[in-house]
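Chemist: The following file, model-v2.cif, comprises mmCIF, C-alpha atoms:
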```cif
data_target
loop_
_atom_site.group_PDB
_atom_site.id
_atom_site.type_symbol
_atom_site.label_atom_id
_atom_site.label_comp_id
_atom_site.auth_asym_id
_atom_site.auth_seq_id
_atom_site.Cartn_x
_atom_site.Cartn_y
_atom_site.Cartn_z
ATOM 1 C CA MET W 761 121.078 105.697 109.160
ATOM 2 C CA PHE W 762 117.366 106.553 109.050
ATOM 3 C CA TYR W 763 117.222 105.716 105.344
ATOM 4 C CA ILE W 764 118.727 102.292 106.037
ATOM 5 C CA ILE W 765 116.215 101.582 108.823
ATOM 6 C CA GLY W 766 113.361 102.855 106.631
ATOM 7 C CA GLY W 767 114.548 100.693 103.721
ATOM 8 C CA VAL W 768 114.773 97.555 105.877
ATOM 9 C CA ALA W 769 111.318 98.224 107.379
ATOM 10 C CA THR W 770 109.821 98.794 103.922
ATOM 11 C CA LEU W 771 111.430 95.605 102.590
ATOM 12 C CA LEU W 772 110.054 93.623 105.530
ATOM 13 C CA LEU W 773 106.589 95.110 104.991
ATOM 14 C CA ILE W 774 106.640 94.104 101.322
ATOM 15 C CA LEU W 775 107.777 90.578 102.235
ATOM 16 C CA VAL W 776 105.006 90.238 104.826
ATOM 17 C CA ILE W 777 102.391 91.388 102.311
ATOM 18 C CA ILE W 778 103.651 88.956 99.655
ATOM 19 C CA VAL W 779 104.488 85.892 101.777
ATOM 20 C CA PHE W 780 101.781 85.801 104.441
ATOM 21 C CA LYS W 781 98.290 84.663 103.493
ATOM 22 C CA GLU W 782 95.016 85.627 105.171
ATOM 23 C CA LYS W 783 94.744 82.172 106.739
ATOM 24 C CA PRO W 784 96.793 78.981 106.496
ATOM 25 C CA LYS W 785 95.990 76.220 104.023
ATOM 26 C CA TYR W 786 95.324 73.796 106.889
ATOM 27 C CA PRO W 787 93.926 75.008 110.241
ATOM 28 C CA PRO W 788 96.497 74.801 113.073
ATOM 29 C CA SER W 789 94.030 73.205 115.496
ATOM 30 C CA ARG W 790 90.588 71.620 115.680
ATOM 31 C CA ALA W 791 89.219 74.691 117.436
ATOM 32 C CA GLN W 792 90.461 76.910 114.628
ATOM 33 C CA SER W 793 88.866 74.673 111.986
ATOM 34 C CA LEU W 794 85.548 74.903 113.839
ATOM 35 C CA SER W 795 86.005 78.655 114.003
ATOM 36 C CA TYR W 796 86.486 78.765 110.226
ATOM 37 C CA ALA W 797 83.372 76.634 109.714
ATOM 38 C CA LEU W 798 81.170 78.701 112.036
ATOM 39 C CA ALA W 799 82.472 82.115 110.972
ATOM 40 C CA SER W 800 79.738 84.501 109.981
ATOM 41 C CA PRO W 801 80.246 86.016 106.526
ATOM 42 C CA ASP W 802 78.818 89.360 107.696
ATOM 43 C CA ALA W 803 81.284 89.659 110.585
ATOM 44 C CA SER W 804 83.172 92.838 109.880
ATOM 45 C CA TYR W 805 85.672 94.965 111.698
ATOM 46 C CA LEU W 806 83.133 97.685 112.496
ATOM 47 C CA SER W 807 80.583 95.208 113.852
ATOM 48 C CA SER W 808 83.180 93.652 116.151
ATOM 49 C CA ILE W 809 84.244 97.112 117.359
ATOM 50 C CA SER W 810 80.626 98.047 118.079
ATOM 51 C CA ARG W 811 80.153 94.772 120.003
ATOM 52 C CA LEU W 812 83.247 95.584 122.051
ATOM 53 C CA PHE W 813 81.955 99.017 123.022
ATOM 54 C CA LYS W 814 78.640 97.480 124.114
ATOM 55 C CA ASN W 815 80.559 95.330 126.618
ATOM 56 C CA LEU W 816 80.610 97.191 129.958
ATOM 57 C CA ASN W 817 83.793 95.518 131.196
ATOM 58 C CA PHE W 818 85.653 96.523 128.025
ATOM 59 C CA VAL W 819 84.446 100.122 128.299
ATOM 60 C CA LEU W 820 85.561 100.275 131.941
ATOM 61 C CA LEU W 821 88.940 98.853 130.955
ATOM 62 C CA VAL W 822 89.373 101.432 128.173
ATOM 63 C CA ILE W 823 88.413 104.295 130.489
ATOM 64 C CA THR W 824 90.693 103.222 133.337
ATOM 65 C CA TYR W 825 93.626 102.541 131.035
ATOM 66 C CA GLY W 826 93.084 105.858 129.273
ATOM 67 C CA LEU W 827 93.030 107.772 132.551
ATOM 68 C CA ASN W 828 96.124 105.973 133.820
ATOM 69 C CA ALA W 829 98.114 106.397 130.600
ATOM 70 C CA GLY W 830 96.971 110.000 130.157
ATOM 71 C CA ALA W 831 97.969 110.982 133.686
ATOM 72 C CA PHE W 832 101.367 109.302 133.321
ATOM 73 C CA TYR W 833 102.112 110.876 129.935
ATOM 74 C CA ALA W 834 100.958 114.313 131.093
ATOM 75 C CA LEU W 835 103.080 114.124 134.234
ATOM 76 C CA SER W 836 106.160 112.831 132.426
ATOM 77 C CA THR W 837 105.794 115.469 129.709
ATOM 78 C CA LEU W 838 105.340 118.401 132.078
ATOM 79 C CA LEU W 839 107.544 117.210 134.939
ATOM 80 C CA ASN W 840 110.617 119.163 133.881
ATOM 81 C CA ARG W 841 108.629 122.413 133.537
ATOM 82 C CA MET W 842 106.925 121.934 136.894
ATOM 83 C CA VAL W 843 110.191 121.315 138.744
ATOM 84 C CA ILE W 844 112.170 124.058 136.984
ATOM 85 C CA ARG W 845 109.425 126.633 137.595
ATOM 86 C CA HIS W 846 109.589 126.194 141.367
ATOM 87 C CA TYR W 847 113.236 125.096 141.672
ATOM 88 C CA PRO W 848 115.373 126.803 139.006
ATOM 89 C CA GLY W 849 118.533 124.928 138.034
ATOM 90 C CA GLU W 850 117.321 121.543 139.300
ATOM 91 C CA GLU W 851 117.145 119.749 135.932
ATOM 92 C CA VAL W 852 119.070 116.750 137.270
ATOM 93 C CA ASN W 853 116.612 116.295 140.125
ATOM 94 C CA ALA W 854 113.695 116.536 137.696
ATOM 95 C CA GLY W 855 115.249 113.612 135.807
ATOM 96 C CA ARG W 856 115.670 111.699 139.043
ATOM 97 C CA ILE W 857 112.025 112.289 139.931
ATOM 98 C CA GLY W 858 111.004 110.961 136.512
ATOM 99 C CA LEU W 859 113.218 107.903 136.966
ATOM 100 C CA THR W 860 111.684 107.303 140.395
ATOM 101 C CA ILE W 861 108.176 107.465 138.925
ATOM 102 C CA VAL W 862 109.051 104.943 136.194
ATOM 103 C CA ILE W 863 110.793 102.536 138.598
ATOM 104 C CA ALA W 864 107.927 102.783 141.103
ATOM 105 C CA GLY W 865 105.453 102.006 138.327
ATOM 106 C CA MET W 866 107.453 98.986 137.193
ATOM 107 C CA LEU W 867 107.806 97.715 140.753
ATOM 108 C CA GLY W 868 104.098 98.270 141.408
ATOM 109 C CA ALA W 869 103.172 96.379 138.237
ATOM 110 C CA VAL W 870 105.335 93.408 139.216
ATOM 111 C CA LEU W 871 104.085 93.324 142.805
ATOM 112 C CA SER W 872 100.421 93.693 141.857
ATOM 113 C CA GLY W 873 100.874 90.961 139.225
ATOM 114 C CA ILE W 874 102.321 88.605 141.826
ATOM 115 C CA TRP W 875 99.526 89.491 144.264
ATOM 116 C CA LEU W 876 96.821 88.955 141.639
ATOM 117 C CA ASP W 877 98.348 85.639 140.616
ATOM 118 C CA ARG W 878 98.306 84.379 144.189
ATOM 119 C CA SER W 879 94.955 85.787 145.321
ATOM 120 C CA LYS W 880 93.006 85.234 142.040
ATOM 121 C CA THR W 881 90.953 88.390 142.751
ATOM 122 C CA TYR W 882 91.114 89.861 139.256
ATOM 123 C CA LYS W 883 87.625 91.365 139.180
ATOM 124 C CA ASN W 884 87.510 92.481 142.818
ATOM 125 C CA LEU W 885 89.990 95.328 142.347
ATOM 126 C CA CYS W 886 87.358 97.936 141.741
ATOM 127 C CA HIS W 887 85.849 100.243 144.383
ATOM 128 C CA PRO W 888 84.500 98.212 147.362
ATOM 129 C CA ASN W 889 80.931 99.297 146.567
ATOM 130 C CA CYS W 890 81.008 98.134 142.964
ATOM 131 C CA LEU W 891 82.486 94.638 143.089
ATOM 132 C CA ILE W 892 82.091 93.043 139.670
ATOM 133 C CA ARG W 893 81.704 89.313 140.000
#
```
Starting from the file, lay out its structure as structure tokens.

Modeler:
Amino acid sequence: MFYIIGGVATLLLILVIIVFKEKPKYPPSRAQSLSYALASPDASYLSSISRLFKNLNFVLLVITYGLNAGAFYALSTLLNRMVIRHYPGEEVNAGRIGLTIVIAGMLGAVLSGIWLDRSKTYKNLCHPNCLIR
């Protein structure tokens, strides 16, 4: 089964490399054609990455996402060990706790998305003393 999936993925990769071009023959929009005309020839991947890391908002986003994802992955990885250490034989409840964490995160994401969409306070979610406007 894994060989079949690997073969299909490899075939698709080869087709993408052969069929897709770097950019289309005709630009899809006027904005894209202007982008092609104004593109700097010295714009490279490393220069764009360095520009991103000079942007304070991007750095804050990377840090907060990294902390959030790291805490979630650490908790979900070690949850079973933590529960079993203090409550031997409670593997099923450890799974239920993990399910509760995932469902609460999904529900929180949906509710905060709805709240942000209605209130339009995207940048005001930081600490009250450091409102970024």

Chemist: Can you pull out every residue within 12 Å of Asn853 (chain W), counting all atoms listed in the file, but drop anything in the same chain fewer than 5 positions away, and send it as a PyMOL selection string?

Modeler: chain W and resi 839-840+842-844+847-848+858-860

Chemist: Around all listed atoms of region 823-832 of chain W, padded 3 Å per side, what centre and edge lengths does the axis-aligned box have in Å to one decimal, as JSON?

Modeler:
```
{"center_x": 94.9, "center_y": 106.8, "center_z": 131.5, "size_x": 19.0, "size_y": 14.4, "size_z": 10.5}
```

Chemist: Could you list, as a list in words, every residue within 10 Å of region 825-836 of chain W, counting all atoms listed in the file and ignoring same-chain residues fewer than 6 positions away?

Modeler: Val819, Met842, Ala854, Gly855, Ile857, Gly858, Leu859, Ile861, Val862 and Gly865 of chain W

Chemist: Pick out the residues sitting within 12 Å of region 766-783 of chain W, and hand them over as number ranges by chain; count all atoms listed in the file, and ignore anything fewer than 2 positions along from it in its own chain.

Modeler: W: 761-764, 785-788, 792-793, 795-796
